[in-house]
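Following: one structure in structure tokens, then a few remarks.
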Amino acid sequence: MVAFHRIALIGFGEVGRTLGADLLVRGAKVSVYDILFARADSAPSLALKEIPARNAASPVVAVKDAELVISAVTAASDVDAARSVVSGLERGAFYLDVNSVSPGMKRACADIVEGAGGRYVEAAVMTPIAPKRIASPMLLGGPHAAEFVKRAAPLGFDVKEFSNLIGQASAVKMCRSVIIKGTEALLTESMLAARRYGVEKPVLDSLSDLLPVGDWEKIARYFISRSLEHGVRRAEEMRESATTVAEAGVEPLMARATAEREDWAAGFKHASAEKDLAGMLDAILSEMDERKTGKAAE
């Protein structure tokens with residue numbers, strides 16, 4: 001089966017520009033739109049200087065004649081992105097939704113796209129996009145997933161048909177996020193308190209005895225740094241995870257708390273530059289103390 005050639009990207013953040021660059025290398029014709037193109041100094045605008053995709057004036061212009069539309073926006077913009085393209089969507093065009101949102105939101109987007117004559121494919125990206133880029137493993141859902149695999153695989157996508165139902169692939173990712181990002185939140189809170197008491201090493205040593213999965217100091221530094229670097233985006237994803245849990249009829253106590261901690265962590269992004277765990281924790285604690293002193297002075 002012939003691979004996709006005319007491709008539109010809605011969203012030119014980290015995921016969008018990574019996929020765009022890799023698709024161009026593989027000979028695809030790529031048009032892109034991002035709401036932040038309106039700002040010349042935005043990251044998506046600056047990325048266009050290095051990635052020679054066609055800059056479209058609107059979502060509708062971007063998807064004109066496209067065989068495949070890839071939605072790579074923020075979680076909160078998933079439905080808006082689907083609505084923004086449907087008036088220009090080619091009948092029969094594929095619409096790949098790679099956004100980290102709840103099953104309910106995926107189904108809402110599917111209704112919008114299918115109602116306009118498009119073929120919606122749910123995707124759950126199961127690893128960070130940076131290491132493997134376009135070959136990052138994705139679980140696919142929906143009745144068009146099997147055909148999508150055949151046309152996307154030649155472009156370097158690592159895609160697997162997971163379910164013919166919309167929502168199950170996303171449920172896998174969102175429920176996993178409750179654990180992964182919950183672990184980030186737990187380690188952040190535990191290690192900051194332990195560092196203040198001077199007992200972080202005994203705590204980590206006890207974890208090694210209880211859960212012998214590797215170097216816990218290295219693990220803690222990695223997980224905490226992810227929260228610091230990507231807290232805003234990860235908090236947004238955790239709110240979608242909370243929605244996913246709620247859609248299953250379970251009170252999302254842990255998912256909501258994790259979202260709050262991820263939001264909090266984003267305010268200490270500078271600390272992620274520290275090379276070791278102790279330095280990173282000290283940088284956060286120092287900033288916390290400065291903020292408290294500043295508030296007290298007011």
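Letters A, B, ... mark the chains of the structure tokens in the order given; residue numbers begin at 1 per chain; ligand numbers begin at 1, in order shown.
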
Long-range neighbours of Gly167 in chain A as a compact mmCIF listing (two decimals) with C-alpha atoms, in the first residue's frame, 10 Å cut-off, only C-alpha atoms, 5 positions minimum in chain:
# COMPACT_ATOMS: atom_id res chain seq x y z
CA VAL A 101 -6.17 13.00 26.59
CA SER A 102 -8.93 10.91 28.14
CA PRO A 103 -10.86 8.26 26.21
CA GLY A 104 -13.93 10.49 26.35
CA MET A 105 -12.10 13.35 24.66
CA LYS A 106 -10.76 11.00 21.99
CA ARG A 107 -14.30 9.85 21.26
CA ALA A 110 -13.59 11.06 16.55
CA GLU A 122 -6.55 7.32 18.00
CA ALA A 123 -2.88 7.17 18.97
CA ALA A 124 -1.22 6.77 22.36
CA LEU A 140 -3.62 2.80 17.74
CA GLY A 141 -7.36 2.58 18.12
CA GLY A 142 -10.41 2.79 15.92
CA VAL A 172 -3.60 2.40 28.59
CA THR A 244 -9.90 9.08 32.59

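Summary of the local environment: counting only C-alpha atoms, residues at most 12 Å from Leu207 in chain A, other than itself and those fewer than 2 positions away along its chain, are Leu187, Ser190, Met191, Glu200, Lys201, Pro202, Val203, Leu204, Asp205, Asp209, Leu210, Leu211, Pro212, Val213, Gly214, Asp215, Trp216, Glu217, Ile219 and Ala220 of chain A.
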
Please produce a file of those selected residues containing C-alpha atoms, as a PDB file, in the first residue's frame.
ATOM      1  CA  LEU A 187       9.791  11.096  44.839  1.00  0.00           C
ATOM      2  CA  SER A 190       9.752  12.530  49.732  1.00  0.00           C
ATOM      3  CA  MET A 191      13.241  13.578  48.647  1.00  0.00           C
ATOM      4  CA  GLU A 200      17.791  11.150  51.725  1.00  0.00           C
ATOM      5  CA  LYS A 201      20.488   8.461  51.355  1.00  0.00           C
ATOM      6  CA  PRO A 202      19.007   6.114  53.991  1.00  0.00           C
ATOM      7  CA  VAL A 203      15.587   6.571  52.399  1.00  0.00           C
ATOM      8  CA  LEU A 204      16.956   5.669  48.971  1.00  0.00           C
ATOM      9  CA  ASP A 205      18.923   2.754  50.400  1.00  0.00           C
ATOM     10  CA  ASP A 209      16.162  -3.145  49.584  1.00  0.00           C
ATOM     11  CA  LEU A 210      12.393  -3.048  49.107  1.00  0.00           C
ATOM     12  CA  LEU A 211      12.288  -2.450  45.344  1.00  0.00           C
ATOM     13  CA  PRO A 212      15.584  -3.582  43.763  1.00  0.00           C
ATOM     14  CA  VAL A 213      15.034  -2.025  40.341  1.00  0.00           C
ATOM     15  CA  GLY A 214      18.358  -0.228  39.989  1.00  0.00           C
ATOM     16  CA  ASP A 215      20.179   2.860  41.241  1.00  0.00           C
ATOM     17  CA  TRP A 216      17.489   4.718  43.199  1.00  0.00           C
ATOM     18  CA  GLU A 217      19.527   7.928  43.402  1.00  0.00           C
ATOM     19  CA  ILE A 219      16.089   7.053  39.296  1.00  0.00           C
ATOM     20  CA  ALA A 220      15.027   9.802  41.712  1.00  0.00           C
TER      21      ALA A 220
END

request  = List every residue of range 5-157 of chain A that DSSP, applied to the backbone of this structure, places in helix (DSSP H, G or I), and write the result as JSON, numbers by chain.
outcome  = {"A": [14, 15, 16, 17, 18, 19, 20, 21, 22, 23, 24, 25, 35, 36, 37, 38, 43, 44, 45, 46, 47, 59, 60, 61, 62, 63, 75, 76, 77, 78, 79, 80, 81, 82, 83, 84, 85, 103, 104, 105, 106, 107, 108, 109, 110, 111, 112, 113, 114, 115, 129, 130, 131, 132, 133, 134, 135, 145, 146, 147, 148, 149, 150, 151, 152, 153, 154, 155]}

key: range 16-18 of chain A surroundings by only C-alpha atoms, 9 Å radius, close-in-sequence under 5 positions cut, as a list in words   =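 Counting only C-alpha atoms, the residues come to Leu9, Ile10, Gly11, Leu23, Val32, Pro44, Ala47, Leu48, Ile51, Ile70, Ser71, Ala72, Val73, Ile129, Ala130, Arg133 and Ile134 of chain A.
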
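For the pair CA of Ala235 in chain A and CA of Leu277 in chain A, the interatomic distance is 22.0 Å.
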
query = Skipping near chain neighbours, those fewer than 6 positions away, what residues fall within 12 Å of Leu186 in chain A using only C-alpha atoms, listed as a list in words?
reply =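 Once the adjacent positions are removed, what remains is Val178, Ile179, Ile180, Leu192, Ala193, Ala194, Ala220, Phe223, Ile224, Ser227, Met254, Ala255, Ala257, Thr258, Ala259, Glu260, Arg261, Glu262 and Ala265 of chain A.
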
ask   = Could you write out, as a ChimeraX atom specification, all the residues of range 38-110 of chain A that DSSP marks as strand (DSSP E)?
value = /A:54-55,68-71,94-97

query = If you count only C-alpha atoms, which residues fall within 8 Å of range 268-270 of chain A, apart from same-chain ones fewer than 6 positions away, as a PyMOL selection string?
reply = chain A and resi 228-229+284+287

Kindly export the residues of the current selection with C-alpha atoms, as a JSON list (two decimals), in the first residue's frame.
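Listed below is the output, result_28.json:
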[["chain", "number", "residue", "atom", "x", "y", "z"],
["A", 228, "LEU", "CA", 10.83, 20.27, 36.78],
["A", 229, "GLU", "CA", 11.45, 20.47, 33.04],
["A", 284, "ILE", "CA", 14.67, 23.76, 45.03],
["A", 287, "GLU", "CA", 14.30, 28.84, 46.15]]
